[in-house]
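This report concerns only the one structure given below.
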Amino acid sequence: MDYLEALKKCSRCGGCQAHCPLYTETGREAYVVRGKIELLENLLAGKLEWNERLSDIFSACLLCGSCTENCPNGVMGDKLIRSARKDLVLVKGVPIVKKNIFQHLLTNNGRLNAVGKLIALYQVSGLQKLVRGTGLLKLLPGQLNKMESLLPKFSGRSFRNQVPRINNVENSKIRAAYFTGCVTNFVNHQVGSSVLEILKRNNVELIIPEQYCCGVPAVASGDMETGRILAERNINIFTELDVDYIITDCASCLSTFLEYPELYENEKAQKLIPKLIDINRFLVEVLDIKLNPKGLGKKVTYHDPCHLKRIEGGKESPRELLKRLSPAYEFVEMKAADKCCGSAGSFNLTHYDLSQKVAKNKVDSVSECGALVVATACPSCMMQLEHSIAKRTNSITVKHVVELVAESLRSEMNS
Ligand code: SF4
Ligand code: SF4
C-alpha cells in the first residue's frame with residue numbers, strides 16, 4: 001500500500017470516531033484510525049520506531065471497516081492498519097505464539113486435526129470441567145483464563161473427513177465446490193451438515209475438496225507470507241475444479257478469497273472471483289429456494305458480519321431467507337444489526353475485555369428487540385455471540401441462517 005497517498009487523503013476531520021467501536025468504548029484517539037494515521041506519519045518521518053507500545057496500539061483494531069465505510073475522503077482505514085501490521089512483522093517478526101499457530105498449524109492439516117482432537121478430548125474427558133471447577137485457570141497468566149472460557153465446543157473429528165468428497169445427486173444442473181472454513185470444520189459441524197442437506201435436496205452436486213485455512217488469521221496479524229502460502233494452495237485446489245460456483249458459509253473466508261488477487265498479485269486467483277458466492281446469496285439468487293415452513297412465529301433477528309455486509313447481496317440475502325421462514329419465524333430487525341460484534345478473528349482472544357465491551361452493545365440490542373434466536377452468517381461471529389449471550393441469558397440461541405433453512409426443509413418433509 002502506498003502509505004503517503006493513503007495518509008494524505010486524511011483531512012483529520014475526526015468523522016471516524018463516531019463509527020469506530022473501539023473509540024466508542026475507550027475514547028482513546030490511538031484506537032481510532034485518525035490516531036493511527038498520526039503515528040504512521042511519525043514512523044514514516046523517522047520520529048518514531050516500532051516498539052512494544054506501538055505494536056499494542058496497532059493490534060487494537062477490529063479491522064471491521066466501519067471507518068473506511070464512513071470516511072468522507074476515502075481513507076481505507078482497515079487496510080491501512082493491516083498494512084502497518086505487515087510492516088511491523090517485517091521489522092520485528094511474527095510473535096512466537098502466533099508464528100507456531102500460523103506457520104506450523106494452519107499450513108498442516110494433519111497437525112490441525114490432531115490439535116482439534118486434543119481440545120475435544122480436554123473438553124469431553126472432564127478435564128476442562130475439573131480445571132474450571134478448581135479455579136486452576138485463575139493461576140494462568142494474563143488473560144489466558146478468560147480466553148479459555150471462550151473455547152467453543154470442539155468436535156473431535158474434522159467435518160470434511162466425515163462427509164463424502166463428492167455429494168452426488170441425480171439430474172443435477174449445478175456443480176458447486178464448498179469451502180468449509182476452519183470453524184465449520186472443527187466446531188460447527190451442524191452448519192456444514194445443513195449446507196449439504198439443503199444443496200442435496202435442491203439437486204446441487206457438491207464437491208468438498210481437501211483445502212486449507214483461507215489465511216485470514218495470518219493476514220490480519222501481518223504474516224503475509226503464511227497468508228500467501230495458504231492462498232496459493234487454495235487457489236491451486238479450487239481453480240482445478242470443474243464447478244459453476246464456489247460456496248462458503250463464512251463471511252471472513254469469502255472476503256479473504258475475494259482479496260486473493262489483490263493481496264498476492266495472483267492472476268490465477270482472478271479465475272475464482274466470478275465463482276465465489278456466499279451460501280445465503282446462492283440460495284436466494286441462484287436457487288431461489290422455496291420454503292414452506294410450519295410453526296409458531298418465534299422471533300428471529302439477524303447480526304450482519306462485517307465481512308459480508310459490504311459484499312454484493314451480503315445484507316439482503318440472509319434477511320430474505322429469514323423472511324421466507326415465516327410463519328415459523330418472525331423476522332425482527334435489531335437496532336445494532338450492522339455493528340461489529342467484537343469477534344474480529346482472534347481479537348476476542350487477545351483483547352478479551354475490550355471485545356466483550358463491544359459485544360455487550362450487540363447483546364443489548366438483541367435483548368431489546370425481543371428475539372429468541374439470533375441468526376448470522378459467519379461462524380466466527382457465532383462463537384462470539386454465543387459466548388457473550390450465554391453470560392447474560394440462556395433463553396436466546398445463536399444459529400447460522402442455513403441451520404434454520406435446513407430445519408424448515410426437514411419439518412416440511414416430516415409433516
Ligand atoms: S480517516 Fe477519514 S473520517 Fe477519519 S479523520 Fe481521516 S478523513 Fe476524517
Ligand atoms: S477498522 Fe474498525 S476498529 Fe479499526 S479503526 Fe476502523 S472502525 Fe475502528
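In the C-alpha cells, chains take letters A, B, ... by order of appearance, with residues numbered from 1 within each chain and ligands from 1 in the order shown.
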Within 10 Å of range 104-108 of chain A, counting only C-alpha atoms, which residues qualify if same-chain residues fewer than 2 places away don't, as an MDAnalysis selection string?
-> chainID A and resid 98:102 110:115 182 212:215 217:218 226:227 229:230 233
DSSP on the backbone: which residues in range 207-335 of chain A end up as strand (DSSP E)? Give the answer as an mmCIF file with C-alpha atoms, in the first residue's frame.
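Contents of out_35.cif, as written:
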data_model
loop_
_atom_site.group_PDB
_atom_site.id
_atom_site.type_symbol
_atom_site.label_atom_id
_atom_site.label_comp_id
_atom_site.auth_asym_id
_atom_site.auth_seq_id
_atom_site.Cartn_x
_atom_site.Cartn_y
_atom_site.Cartn_z
ATOM 1 C CA ILE A 207 -17.578 -31.198 -4.127
ATOM 2 C CA TYR A 245 -19.777 -21.943 -8.071
ATOM 3 C CA ILE A 246 -17.525 -21.937 -5.022
ATOM 4 C CA ILE A 247 -19.684 -21.635 -1.929
ATOM 5 C CA THR A 248 -18.703 -20.535 1.562
ATOM 6 C CA LEU A 276 -17.253 -17.228 -5.347
ATOM 7 C CA ILE A 277 -20.563 -16.836 -3.583
ATOM 8 C CA ASP A 278 -21.896 -16.737 -0.045
ATOM 9 C CA LYS A 298 -40.630 -17.425 17.061
ATOM 10 C CA LYS A 299 -38.873 -14.065 16.781
ATOM 11 C CA VAL A 300 -35.558 -14.177 14.945
ATOM 12 C CA THR A 301 -33.159 -11.304 14.376
ATOM 13 C CA TYR A 302 -30.025 -11.028 12.262
ATOM 14 C CA TYR A 329 -40.116 -17.476 12.384
ATOM 15 C CA GLU A 330 -40.979 -13.806 12.589
ATOM 16 C CA PHE A 331 -38.054 -11.686 11.421
#
Nearby polymer residues, ligand 1, at most 12 Å, only C-alpha atoms and all ligand atoms, as JSON, numbers by chain | {"A": [6, 7, 8, 9, 10, 11, 12, 13, 14, 15, 16, 17, 18, 19, 20, 23, 29, 31, 32, 33, 34, 35, 36, 37, 38, 65, 66, 67, 68, 69, 70, 71, 72, 73, 74, 75, 76, 77, 78, 79, 80, 81]}
Mind giving me the straight-line distance from CA of Ala377 in chain A to CA of His400 in chain A in Å, one decimal?
-> 5.5 Å
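Distances to Glu25 in chain A were evaluated for A:Asn292, A:Ile57, A:Lys399, A:Ser355 using only C-alpha atoms, and the minimum falls at A:Ser355.
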If we count only C-alpha atoms, what is near Glu368 in chain A at a cut-off of 9 Å, once residues fewer than 5 positions away on the same chain are taken out, given as a PyMOL selection string?
-> chain A and resi 334-335+363
d(CA of Val286 in chain A, CA of Asp242 in chain A) in Å | 17.8 Å
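Closest approach to Lys92 in chain A among A:Gly222, A:Pro274, A:Pro305, A:Gly370: A:Gly222, based on only C-alpha atoms.
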Identify, with DSSP run on backbone atoms, the residues in range 270-399 of chain A assigned to helix (DSSP H, G or I), and express the list as a ChimeraX atom specification.
-> /A:270,273-275,279-286,306-309,316-324,347-350,352-369,379-390
Could you write out the selected residues, including C-alpha atoms, as a compact mmCIF listing (two decimals), in the first residue's frame?
# COMPACT_ATOMS: atom_id res chain seq x y z
CA GLN A 270 -8.77 -13.98 -10.67
CA ILE A 273 -13.68 -14.45 -8.34
CA PRO A 274 -16.75 -14.87 -10.58
CA LYS A 275 -17.50 -18.26 -9.00
CA ILE A 279 -24.30 -19.59 0.69
CA ASN A 280 -27.18 -17.21 1.53
CA ARG A 281 -26.92 -15.39 -1.78
CA PHE A 282 -26.61 -18.72 -3.58
CA LEU A 283 -29.85 -19.96 -2.03
CA VAL A 284 -31.72 -16.75 -2.86
CA GLU A 285 -30.31 -15.66 -6.21
CA VAL A 286 -29.21 -18.92 -7.83
CA CYS A 306 -18.65 -7.06 8.95
CA HIS A 307 -17.10 -9.05 6.13
CA LEU A 308 -20.39 -9.93 4.50
CA LYS A 309 -22.45 -6.78 4.69
CA GLU A 316 -30.13 -8.67 1.69
CA SER A 317 -29.84 -12.45 1.10
CA PRO A 318 -29.72 -13.65 4.72
CA ARG A 319 -32.66 -11.37 5.58
CA GLU A 320 -34.58 -12.62 2.57
CA LEU A 321 -34.09 -16.23 3.73
CA LEU A 322 -35.23 -15.35 7.23
CA LYS A 323 -38.36 -13.72 5.81
CA ARG A 324 -39.05 -16.87 3.80
CA PHE A 347 -9.26 -10.03 18.65
CA ASN A 348 -11.67 -11.53 21.18
CA LEU A 349 -8.82 -13.72 22.42
CA THR A 350 -6.07 -11.11 22.51
CA TYR A 352 -10.94 -10.17 25.70
CA ASP A 353 -12.25 -7.36 27.93
CA LEU A 354 -12.49 -4.77 25.17
CA SER A 355 -14.05 -7.28 22.81
CA GLN A 356 -16.68 -8.10 25.44
CA LYS A 357 -17.50 -4.40 25.85
CA VAL A 358 -18.15 -4.20 22.10
CA ALA A 359 -20.22 -7.39 22.26
CA LYS A 360 -22.33 -6.03 25.11
CA ASN A 361 -23.93 -3.47 22.78
CA LYS A 362 -24.90 -6.26 20.44
CA VAL A 363 -26.38 -8.36 23.25
CA ASP A 364 -28.33 -5.30 24.49
CA SER A 365 -29.69 -4.81 21.01
CA VAL A 366 -30.74 -8.46 20.71
CA SER A 367 -32.48 -8.31 24.08
CA GLU A 368 -34.30 -5.09 23.20
CA CYS A 369 -35.81 -6.49 20.00
CA PRO A 379 -19.09 -18.99 12.25
CA SER A 380 -16.60 -16.69 13.98
CA CYS A 381 -19.38 -14.20 14.88
CA MET A 382 -21.47 -17.17 16.05
CA MET A 383 -18.81 -18.12 18.62
CA GLN A 384 -18.56 -14.55 19.93
CA LEU A 385 -22.34 -14.13 20.11
CA GLU A 386 -22.83 -17.49 21.83
CA HIS A 387 -20.23 -16.66 24.46
CA SER A 388 -21.47 -13.11 25.09
CA ILE A 389 -25.16 -14.00 25.17
CA ALA A 390 -24.62 -17.02 27.45
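Compared by their closest atoms to ligand 2, and using only C-alpha atoms and all ligand atoms, the residues A:Arg82, A:Tyr3, A:Leu62, A:Val187 rank with A:Leu62 nearest.
Here CA of Gly156 in chain A is placed at a distance of 5.0 Å from CA of Ala120 in chain A.
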